[in-house]
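Worksheet: one structure, shown below.
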Amino acid sequence: MKIPNSTELADAILSGSVSFAVRDDRPYDAPRICPLCQRRMVVKINPFGWEAACSRHGLFRSEWLER
């Protein structure tokens with residue numbers, strides 16, 4: 001999958017206009033669905049966090065939530 005250079009997903013989440021759906025039983029799980037278009041995202045888990053990429057809206061990393 002080619003990840004676009006778009007920052008639309010990151011901008012929307014960091015501004016607070018949208019948020020990821022969080023399950024009550026798994027609050028720290030990585031998001032699997034893009035909150036903007038409801039498509040499945042490609043998620044990569046590493047020891048320090050996760051990275052989710054939407055094929056239309058770009059990339060988002062868990063470390064950006066901590067800032």
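Each chain of the structure tokens is named A, B, ... in the order shown, its residues numbered from 1; ligands are numbered from 1 in display order.
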List every residue of chain A that DSSP, applied to the backbone of this structure, places in helix (DSSP H, G or I), and write the result as a PyMOL selection string.
chain A and resi 8-15+62-66
For range 49-66 of chain A: contacts at 6 Å, only C-alpha atoms, fewer than 3 positions along chain excluded, given as a PyMOL selection string:
chain A and resi 3-4+6-10+41-46
Need to verify the contact set: range 15-22 of chain A, 7 Å, only C-alpha atoms, exclusion of same-chain residues closer than 4 positions in sequence. Can you return it as a PDB file with N, CA, C and O atoms, in the first residue's frame?
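Now in result_11.pdb:
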ATOM      1  N   ASP A  11      -3.776  15.831  11.475  1.00  0.00           N
ATOM      2  CA  ASP A  11      -4.330  17.144  11.786  1.00  0.00           C
ATOM      3  C   ASP A  11      -5.690  17.034  12.463  1.00  0.00           C
ATOM      4  O   ASP A  11      -5.970  17.745  13.432  1.00  0.00           O
ATOM      5  N   PRO A  27      -8.245  -0.420  26.126  1.00  0.00           N
ATOM      6  CA  PRO A  27      -8.049   1.019  25.907  1.00  0.00           C
ATOM      7  C   PRO A  27      -6.713   1.384  25.264  1.00  0.00           C
ATOM      8  O   PRO A  27      -6.591   2.454  24.685  1.00  0.00           O
ATOM      9  N   PRO A  31      -5.549   1.642  16.929  1.00  0.00           N
ATOM     10  CA  PRO A  31      -6.772   1.772  16.134  1.00  0.00           C
ATOM     11  C   PRO A  31      -6.657   0.984  14.835  1.00  0.00           C
ATOM     12  O   PRO A  31      -5.583   0.872  14.262  1.00  0.00           O
ATOM     13  N   PRO A  35     -10.923   7.114  11.399  1.00  0.00           N
ATOM     14  CA  PRO A  35     -12.114   7.831  11.852  1.00  0.00           C
ATOM     15  C   PRO A  35     -12.688   8.782  10.791  1.00  0.00           C
ATOM     16  O   PRO A  35     -13.818   9.225  10.914  1.00  0.00           O
TER      17      PRO A  35
END
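DSSP on the backbone gives strand (DSSP E) for these parts of chain A: Val42, Val43, Lys44, Ile45, Asn46, Gly49, Trp50, Glu51, Ala52, Ala53, Cys54, Gly58, Leu59, Phe60 and Arg61 of chain A.
The two atoms in question, CA of Asn5 in chain A and CA of Pro47 in chain A, are spaced 24.9 Å apart.
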